[in-house]
Amino acid sequence: MCFDIALELVRGERRIACTIASDAKLVALTGPSGAGKTSVLDAIAGLLRPAHGHIRIGETVLFDSAQAIDLLPERRGAGYVFQDMRLFPHRRVGANLTYGQRDGSWITTDEVISLLDIGKLLDRWPATLSGGEARRVAIGRALLSSPDFLLLDEPLASLDQPRGEEILRLIERIRDELTIPILLVSHDPAEVARLTDVVAAIG
Amino acid sequence: MCFDIALELVRGERRIACTIASDAKLVALTGPSGAGKTSVLDAIAGLLRPAHGHIRIGETVLFDSAQAIDLLPERRGAGYVFQDMRLFPHRRVGANLTYGQRDGSWITTDEVISLLDIGKLLDRWPATLSGGEARRVAIGRALLSSPDFLLLDEPLASLDQPRGEEILRLIERIRDELTIPILLVSHDPAEVARLTDVVAAIG
Amino acid sequence: AAPRGPVILAAASMQEALREIADRWEAEGHARPVLSFAGTPALARQIEAGAPADLFLAADEEWMEELEARQLLRSGSRRVIAGNRLVLVALVGKDTGGDRLAMADPNSVPAGRYGKAALENLGLWEEARTRFVPTENVRAALALVERGEVKQGLVYASDAAASRKVKVLKTLPAASHPPISYPLAVLNGSTHSDASALADYIAGPEGQAILQKHGFLPAP
Amino acid sequence: MNFLTPTEWAILGLSLKVSLVAIGLTMPVAYALAWLLARRRFPGRMLLDALVHLPLVVPPVVTGWLLLVVFGRQGPVGSVLQDWFGLSLTFRWQGAALAASVMALPLMVRAMRLSIEAVDRRLVGAARSLGASRWRAFLTITLPLSLPGILAGAVLGFARSIGEFGATITFAANIPGETQTLPLAIYSGLQVPGMESDVARLAVLSIALSLLALLASEWLVRRHQGDRAHVL
Amino acid sequence: MNFLTPTEWAILGLSLKVSLVAIGLTMPVAYALAWLLARRRFPGRMLLDALVHLPLVVPPVVTGWLLLVVFGRQGPVGSVLQDWFGLSLTFRWQGAALAASVMALPLMVRAMRLSIEAVDRRLVGAARSLGASRWRAFLTITLPLSLPGILAGAVLGFARSIGEFGATITFAANIPGETQTLPLAIYSGLQVPGMESDVARLAVLSIALSLLALLASEWLVRRHQGDRAHVL
Ligand SMILES: Nc1ncnc2c1ncn2[C@@H]1O[C@H](COP(=O)(O)OP(=O)(O)OP(=O)(O)O)[C@@H](O)[C@H]1O
Ligand SMILES: Nc1ncnc2c1ncn2[C@@H]1O[C@H](COP(=O)(O)OP(=O)(O)OP(=O)(O)O)[C@@H](O)[C@H]1O
Ligand SMILES: [Mg+2]
Ligand SMILES: [Mg+2]
């Protein structure tokens, strides 16, 4: 299976449960604001430890409380586009993009730069970027780490329609040609409908 | 006129020009990512000084380089929902909401809390909020300062549909019943079409 | 590098005199001694901790006795090489500074102890204790007089002689306090072949002449 | 309590009084200087910065001597204080507090400045747009957000002033009950052979005092930050 | 240059050597301590914190005396250094550097700790998810983002060690050319009536030195932060 996830998380006083079992390459994760979507992505990326459960993506077991498996975040191969971007403020855009770059990337730096139209921003500091510019750099940074799977937390937020369309097409290509599993958080039903018919809802 | 704005701004190497002259209560500001929408809102709120131009909203001149008028930000009466929220991290949600509260507010705290469904969050620190929760608190904080006009920078980003619908209805009510001028930045054409037919495009 | 002479740990008040003696000693064809000045207690503690020094010149007998009791001194090498007197000084010219009397702290500094003994002997202590200002050392008391912060200071004659800003009002009788003496000794851990010779030189006529030029008295 | 003699209690009390008064009065000045250095660009800024650091660089005895020159009876400030207010600082506990305050200043300013520089200015902009005056925005945003630096500055300054020796003995002398603080008493003890155990008691005392200050500040930070600490 | 005598040049050089070596060697230790105190919770954390602050609280003379007891030839560490490595610290410039380093440590740790605490941990999480090991994330995120604290710590530490007197004269003695740094030379000058002008020259020298350090650090901060400073 592509996604085999069953986990329970505690955030403050809330318990968040999520189960995904699907062979689809792209699964959409939906739910009302505050339902726990970001928390689930954090758990998959290894930044938050679930109370119990298991996380398997593709062939790899990332976490399994029963087997006491808990891969380090850097071993999980996640390409995580954070909801709040989290660009490194002390590195210029170019250095942010290449931070996680690995050999044998399935996409080149030039491709990423031209697809996301961020060529003019390479020498800028993140603090000077507009909301949409920062979002595109965050996407580029995640792609360039040649991840084994993608976690996209509202990747199209604050992007204009033509640019959003460009990125949607890129996501489709990654899904179809590279067959890289993608977990997508989105609030736009049209976007979700276009990309997948497997929807996991929480909350 | 409701909006009479003509200004030119410098950001880094970019010059951004924007002209809005309209009697509509709600004007949408659109343009591609990085066009300068947030910069224009910042200039209207008094957080960024234009190179030259003038800003008049309703009866009030907020800025006029020819007349050397430049109201302090706190005198402008803006209700600004920032694209990046900017909640005060050292104040709990409740204290964030009441920070700008003035007497004779046209909306009560209880109304805001129930409309935005943030009653459960009042005792939480901003750092523990989800993206959509933070957005709603930011909207609430701006409304409670009983502003003379509203600057909304993608207020519905990262909100689920039912909650977004709730807020859209609130915006409509403010526009129609309270006749408070609203400048809205949005990337969603459907949203824009529903709220206004006056669109100012930059970039 | 030039060969190093013996290391002398010496009380800070001996600074000028000892430098001049070192100059003379060097001029006579010896390796220049290494001089390290600080307060007597600090020097004594360094010696206790095994510091690599050859000679110790203290400003009072108390610490010398302590070291001797711990067998840190070469036996028979301890001798007194100079004495001093206490004087009451005031600022030259205008009379300022209320009625305060500055002197070294009687609880911790030998000069203060001598001063207190003398004042007690002269029946002046009860009057003086209400207005006295205890300082870190004699130089600090002198500085307070020089700055006009106090009316009078009780200091060593050698210090008073070195300052042009103060005048001596009165020299306290030598009998009114225990003898003020500066003992010198070779340290047990000394390995320098010149150590004894240098000690003898300081105690000898050349050394004595220079010490007296700087206001010190012959050994009492 | 029997583990301290009455004299030691008195010394402890005096040290506390001197340090608390010194730090209490220096805090606002230090914060104002830190804010100026962090947020304003003005001619002479580097000079002010250097001046603030001076007491750190110059040996304490020299600082004490300079205080004597300026605040002594003959000094420009000291004579004015004396003639107009009948206030004399030399040989008084107020003088010891002045010395402690001057010596602690650079540490306090640096810590506060670091924290002020770390405050996100966009939050100040947000406060202004919500109707806060420059002053209110400062009081409600910059000031509380720089609290870690204020506390660190207070702890550093308190510890430094509890330990201050050189400037105090030079400027305020070593008068029991008036200016003989803990370090001066410790120093006096060290000057006489065989007083090591008394010295040790006093040293333990000053350590305990600063430990308390440390604990208090940690507690304040925790209480203030509560659960808003970041999560990975 | 004629405004300084050869002796003064030598003193200046020695002071610089002692302070630079002290600060250079202390920086990594201070940073490690700061990181531990900022990021880890472990038993004995408060004790470590208190220990780091000790040299600030205890009068320098006592610190020097403790150094003598521990690192002197008869001391537990000193005798080992002596027997195994033939290294003696007392009366050597290395000893002066040790004293300067110990006295500067608390200031450096506090400044660095403030900056480390201000680093957003979510950025570390982002780095880890991009494949960075714990160690690489530290080197590329935490370390550079705490640079303001590192620089502030270096400046404070350098200034403090240029001004260090009490611990140095007690532990390393006052030996011209070996341990007589600027403050010790100033002290020696102060012991002789009428040497005020020489003292003043030396004092100005140490002030100039720290001013240079200050300027250098400001320049580094500016160069590093460049145009990424926040806008209101
Ligand atoms: N440290 C915390 N303490 C208490 N509650 C927390 C903490 N962190 C997160 N939460 C709560 O956990 C819930 C899930 O948060 P999460 O960010 O995963 O939501 P989300 O589904 O991504 O929402 P959104 O669509 O608004 O981004 C929210 O209600 C949030 O307030
Ligand atoms: N300090 C700065 N230095 C250089 N360029 C800047 C600076 N601040 C903003 N800019 C640039 O100014 C332009 C306008 O930015 P602004 O944030 O107003 O865009 P926007 O229209 O709000 O975009 P978005 O929809 O992505 O939020 C962007 O290209 C941005 O990169
Ligand atoms: Mg979320
Ligand atoms: Mg924007």
# chains A, B, ... in the order shown; residues from 1 in each chain; ligands from 1

$ residues_near_ligand --ligand "ligand 4" --cutoff "10 Å" --atoms "only C-alpha atoms and all ligand atoms" --output "ChimeraX atom specification"
/A:129-134,158-159 /B:31-42,82-84,153-154,185-186

$ write_last_selection --atoms "C-alpha atoms" --output "CSV table (one decimal), in the first residue's frame"
chain,number,residue,atom,x,y,z
A,129,LEU,CA,9.6,38.2,0.4
A,130,SER,CA,5.9,38.6,-0.2
A,131,GLY,CA,3.6,35.9,1.1
A,132,GLY,CA,3.3,34.1,-2.2
A,133,GLU,CA,7.0,34.4,-3.0
A,134,ALA,CA,7.8,32.8,0.4
A,158,SER,CA,-1.8,33.0,-1.1
A,159,LEU,CA,-0.9,32.2,-4.7
B,31,GLY,CA,-2.6,41.0,-8.7
B,32,PRO,CA,-0.1,38.3,-9.0
B,33,SER,CA,2.1,37.1,-6.2
B,34,GLY,CA,4.6,39.8,-5.4
B,35,ALA,CA,2.7,42.6,-7.2
B,36,GLY,CA,2.6,44.8,-4.2
B,37,LYS,CA,-0.8,44.2,-2.6
B,38,THR,CA,0.5,43.8,0.9
B,39,SER,CA,2.7,46.8,0.5
B,40,VAL,CA,-0.3,49.0,-0.5
B,41,LEU,CA,-2.2,47.9,2.6
B,42,ASP,CA,0.8,48.6,4.7
B,82,PHE,CA,-2.3,40.9,8.3
B,83,GLN,CA,-1.4,38.3,5.8
B,84,ASP,CA,1.0,36.9,8.4
B,153,ASP,CA,-5.2,40.6,3.4
B,154,GLU,CA,-6.4,37.2,2.3
B,185,VAL,CA,-6.9,41.2,-1.0
B,186,SER,CA,-7.9,37.9,-2.4

$ interface_residues --of "chain E" --to "chain A" --cutoff "7 Å" --atoms "only C-alpha atoms" --output "VMD selection string"
chain E and resid 123 125 to 126 128 to 133 145 228 230

$ write_last_selection --atoms "N, CA and C atoms" --output "PDB file, in the first residue's frame"
ATOM      1  N   LEU E 123      12.426  26.028  13.259  1.00  0.00           N
ATOM      2  CA  LEU E 123      13.383  26.041  12.148  1.00  0.00           C
ATOM      3  C   LEU E 123      14.294  24.827  12.220  1.00  0.00           C
ATOM      4  N   GLY E 125      13.350  21.954  13.383  1.00  0.00           N
ATOM      5  CA  GLY E 125      12.510  20.883  12.863  1.00  0.00           C
ATOM      6  C   GLY E 125      12.498  20.881  11.337  1.00  0.00           C
ATOM      7  N   ALA E 126      12.385  22.062  10.754  1.00  0.00           N
ATOM      8  CA  ALA E 126      12.388  22.167   9.293  1.00  0.00           C
ATOM      9  C   ALA E 126      13.696  21.616   8.719  1.00  0.00           C
ATOM     10  N   ARG E 128      15.729  19.426  10.063  1.00  0.00           N
ATOM     11  CA  ARG E 128      15.776  17.970  10.228  1.00  0.00           C
ATOM     12  C   ARG E 128      14.955  17.290   9.132  1.00  0.00           C
ATOM     13  N   SER E 129      13.758  17.833   8.860  1.00  0.00           N
ATOM     14  CA  SER E 129      12.915  17.190   7.860  1.00  0.00           C
ATOM     15  C   SER E 129      13.545  17.305   6.476  1.00  0.00           C
ATOM     16  N   LEU E 130      14.450  18.272   6.300  1.00  0.00           N
ATOM     17  CA  LEU E 130      15.153  18.401   5.018  1.00  0.00           C
ATOM     18  C   LEU E 130      16.396  17.517   4.983  1.00  0.00           C
ATOM     19  N   GLY E 131      16.532  16.647   5.969  1.00  0.00           N
ATOM     20  CA  GLY E 131      17.615  15.671   5.903  1.00  0.00           C
ATOM     21  C   GLY E 131      18.834  15.996   6.738  1.00  0.00           C
ATOM     22  N   ALA E 132      18.756  17.104   7.498  1.00  0.00           N
ATOM     23  CA  ALA E 132      19.932  17.472   8.295  1.00  0.00           C
ATOM     24  C   ALA E 132      19.970  16.656   9.588  1.00  0.00           C
ATOM     25  N   SER E 133      21.130  16.135   9.919  1.00  0.00           N
ATOM     26  CA  SER E 133      21.276  15.436  11.191  1.00  0.00           C
ATOM     27  C   SER E 133      21.145  16.468  12.315  1.00  0.00           C
ATOM     28  N   LEU E 145      22.082  31.418  13.910  1.00  0.00           N
ATOM     29  CA  LEU E 145      21.005  32.296  14.379  1.00  0.00           C
ATOM     30  C   LEU E 145      21.297  32.864  15.759  1.00  0.00           C
ATOM     31  N   ARG E 228      18.697  42.126   5.831  1.00  0.00           N
ATOM     32  CA  ARG E 228      17.559  41.320   6.259  1.00  0.00           C
ATOM     33  C   ARG E 228      16.955  41.820   7.571  1.00  0.00           C
ATOM     34  N   HIS E 230      14.501  43.683   9.956  1.00  0.00           N
ATOM     35  CA  HIS E 230      13.060  43.793   9.806  1.00  0.00           C
ATOM     36  C   HIS E 230      12.630  45.206   9.433  1.00  0.00           C
TER      37      HIS E 230
END

$ residues_around --residues "Asp83 in chain D" --least-positions-apart "5" --cutoff "10 Å" --atoms "only C-alpha atoms" --output "short mmCIF file (atom, residue, chain, number, x, y, z; two decimals) with N, CA, C and O atoms, in the first residue's frame"
data_model
loop_
_atom_site.label_atom_id
_atom_site.label_comp_id
_atom_site.auth_asym_id
_atom_site.auth_seq_id
_atom_site.Cartn_x
_atom_site.Cartn_y
_atom_site.Cartn_z
N ARG D 73 34.04 64.97 47.27
CA ARG D 73 33.68 66.30 47.77
C ARG D 73 34.19 67.42 46.89
O ARG D 73 33.61 68.48 46.81
N GLY D 78 30.03 65.78 42.85
CA GLY D 78 30.01 65.61 44.30
C GLY D 78 29.83 66.92 45.05
O GLY D 78 29.07 67.01 46.01
N SER D 88 26.35 63.49 50.70
CA SER D 88 27.72 63.08 50.45
C SER D 88 27.74 61.59 50.16
O SER D 88 27.12 60.80 50.87
#

$ closest_atom_pairs --of "chain E" --to "chain C" --cutoff "10 Å" --atoms "only C-alpha atoms" --output "CSV"
residue,atom,partner,partner_atom,distance
E:Val61,CA,C:Ala42,CA,8.5
E:Gly64,CA,C:Ala42,CA,9.4
E:Trp65,CA,C:Arg45,CA,7.6
E:Leu67,CA,C:Ala49,CA,9.9
E:Leu68,CA,C:Ala49,CA,6.2
E:Val69,CA,C:Ala49,CA,6.4
E:Val70,CA,C:Ala49,CA,9.1
E:Phe71,CA,C:Ala49,CA,8.9
E:Gly72,CA,C:Ala49,CA,5.5
E:Arg73,CA,C:Gly50,CA,5.4
E:Gln74,CA,C:Ala49,CA,5.9
E:Gly75,CA,C:Ala49,CA,7.4
E:Gly78,CA,C:Ala49,CA,9.9
E:Ser88,CA,C:Pro52,CA,9.4
E:Leu89,CA,C:Ala51,CA,9.4
E:Thr90,CA,C:Ala51,CA,6.2
E:Phe91,CA,C:Ala51,CA,7.2
E:Gly166,CA,C:Ala42,CA,9.9
E:Ile169,CA,C:Ala38,CA,7.1
E:Thr170,CA,C:Ala42,CA,5.6
E:Phe171,CA,C:Gln46,CA,7.1
E:Ala172,CA,C:Gln46,CA,8.6
E:Ala173,CA,C:Ser36,CA,6.3
E:Asn174,CA,C:Ser36,CA,4.7
E:Ile175,CA,C:Ser36,CA,4.8
E:Pro176,CA,C:Ser36,CA,7.4
E:Gly177,CA,C:Val34,CA,9.6
E:Glu178,CA,C:Val34,CA,10.0
E:Thr179,CA,C:Ser36,CA,9.3
E:Gln180,CA,C:Ser36,CA,8.7
E:Leu184,CA,C:Ala38,CA,9.2
E:Tyr187,CA,C:Ala38,CA,8.9
E:Ser188,CA,C:Phe37,CA,7.4
E:Gly189,CA,C:Gln15,CA,9.5
E:Leu190,CA,C:Arg139,CA,8.1
E:Gln191,CA,C:Arg139,CA,6.2
E:Val192,CA,C:Glu16,CA,7.5
E:Pro193,CA,C:Ser163,CA,5.5
E:Gly194,CA,C:Ser163,CA,6.8

$ closest_residue --among "B:Ala201, B:Ala66, B:Ala157, B:Ala17" --to "ligand 3" --atoms "only C-alpha atoms and all ligand atoms"
B:Ala157

$ select_by_dssp --residues "range 86-138 of chain C" --states "alpha helix (DSSP H)" --output "MDAnalysis selection string"
chainID C and resid 110:121 125:128 138

$ residues_around --residues "Ile180 in chain A" --least-positions-apart "4" --cutoff "8 Å" --atoms "only C-alpha atoms" --output "tab-separated table (two decimals) with N, CA, C and O atoms, in the first residue's frame"
chain	number	residue	atom	x	y	z
A	25	LYS	N	-1.79	7.36	-5.17
A	25	LYS	CA	-0.52	8.06	-5.07
A	25	LYS	C	-0.71	9.39	-4.34
A	25	LYS	O	0.21	9.90	-3.71
A	148	ASP	N	11.24	11.19	-0.69
A	148	ASP	CA	10.59	9.94	-1.05
A	148	ASP	C	9.07	10.07	-1.04
A	148	ASP	O	8.37	9.25	-1.61
A	149	PHE	N	8.58	11.07	-0.36
A	149	PHE	CA	7.15	11.39	-0.39
A	149	PHE	C	6.98	12.86	-0.04
A	149	PHE	O	7.91	13.47	0.51
A	150	LEU	N	5.83	13.42	-0.39
A	150	LEU	CA	5.61	14.86	-0.17
A	150	LEU	C	4.49	15.08	0.83
A	150	LEU	O	3.47	14.38	0.81
A	174	ILE	N	4.32	15.05	-10.73
A	174	ILE	CA	5.05	14.29	-9.71
A	174	ILE	C	4.28	13.02	-9.36
A	174	ILE	O	4.83	11.93	-9.26
A	175	ARG	N	2.97	13.16	-9.23
A	175	ARG	CA	2.11	12.03	-8.89
A	175	ARG	C	2.16	10.96	-9.97
A	175	ARG	O	2.35	9.78	-9.68
A	176	ASP	N	2.04	11.40	-11.22
A	176	ASP	CA	1.89	10.43	-12.31
A	176	ASP	C	3.21	9.90	-12.83
A	176	ASP	O	3.40	8.71	-13.00

$ closest_residue --among "A:Gly58, A:Gly203, A:Gly119, A:Gly12" --to "chain B" --atoms "only C-alpha atoms"
A:Gly12

$ atom_distance --atom1 "CA of Ala30 in chain E" --atom2 "CA of Gln94 in chain E"
18.5 Å
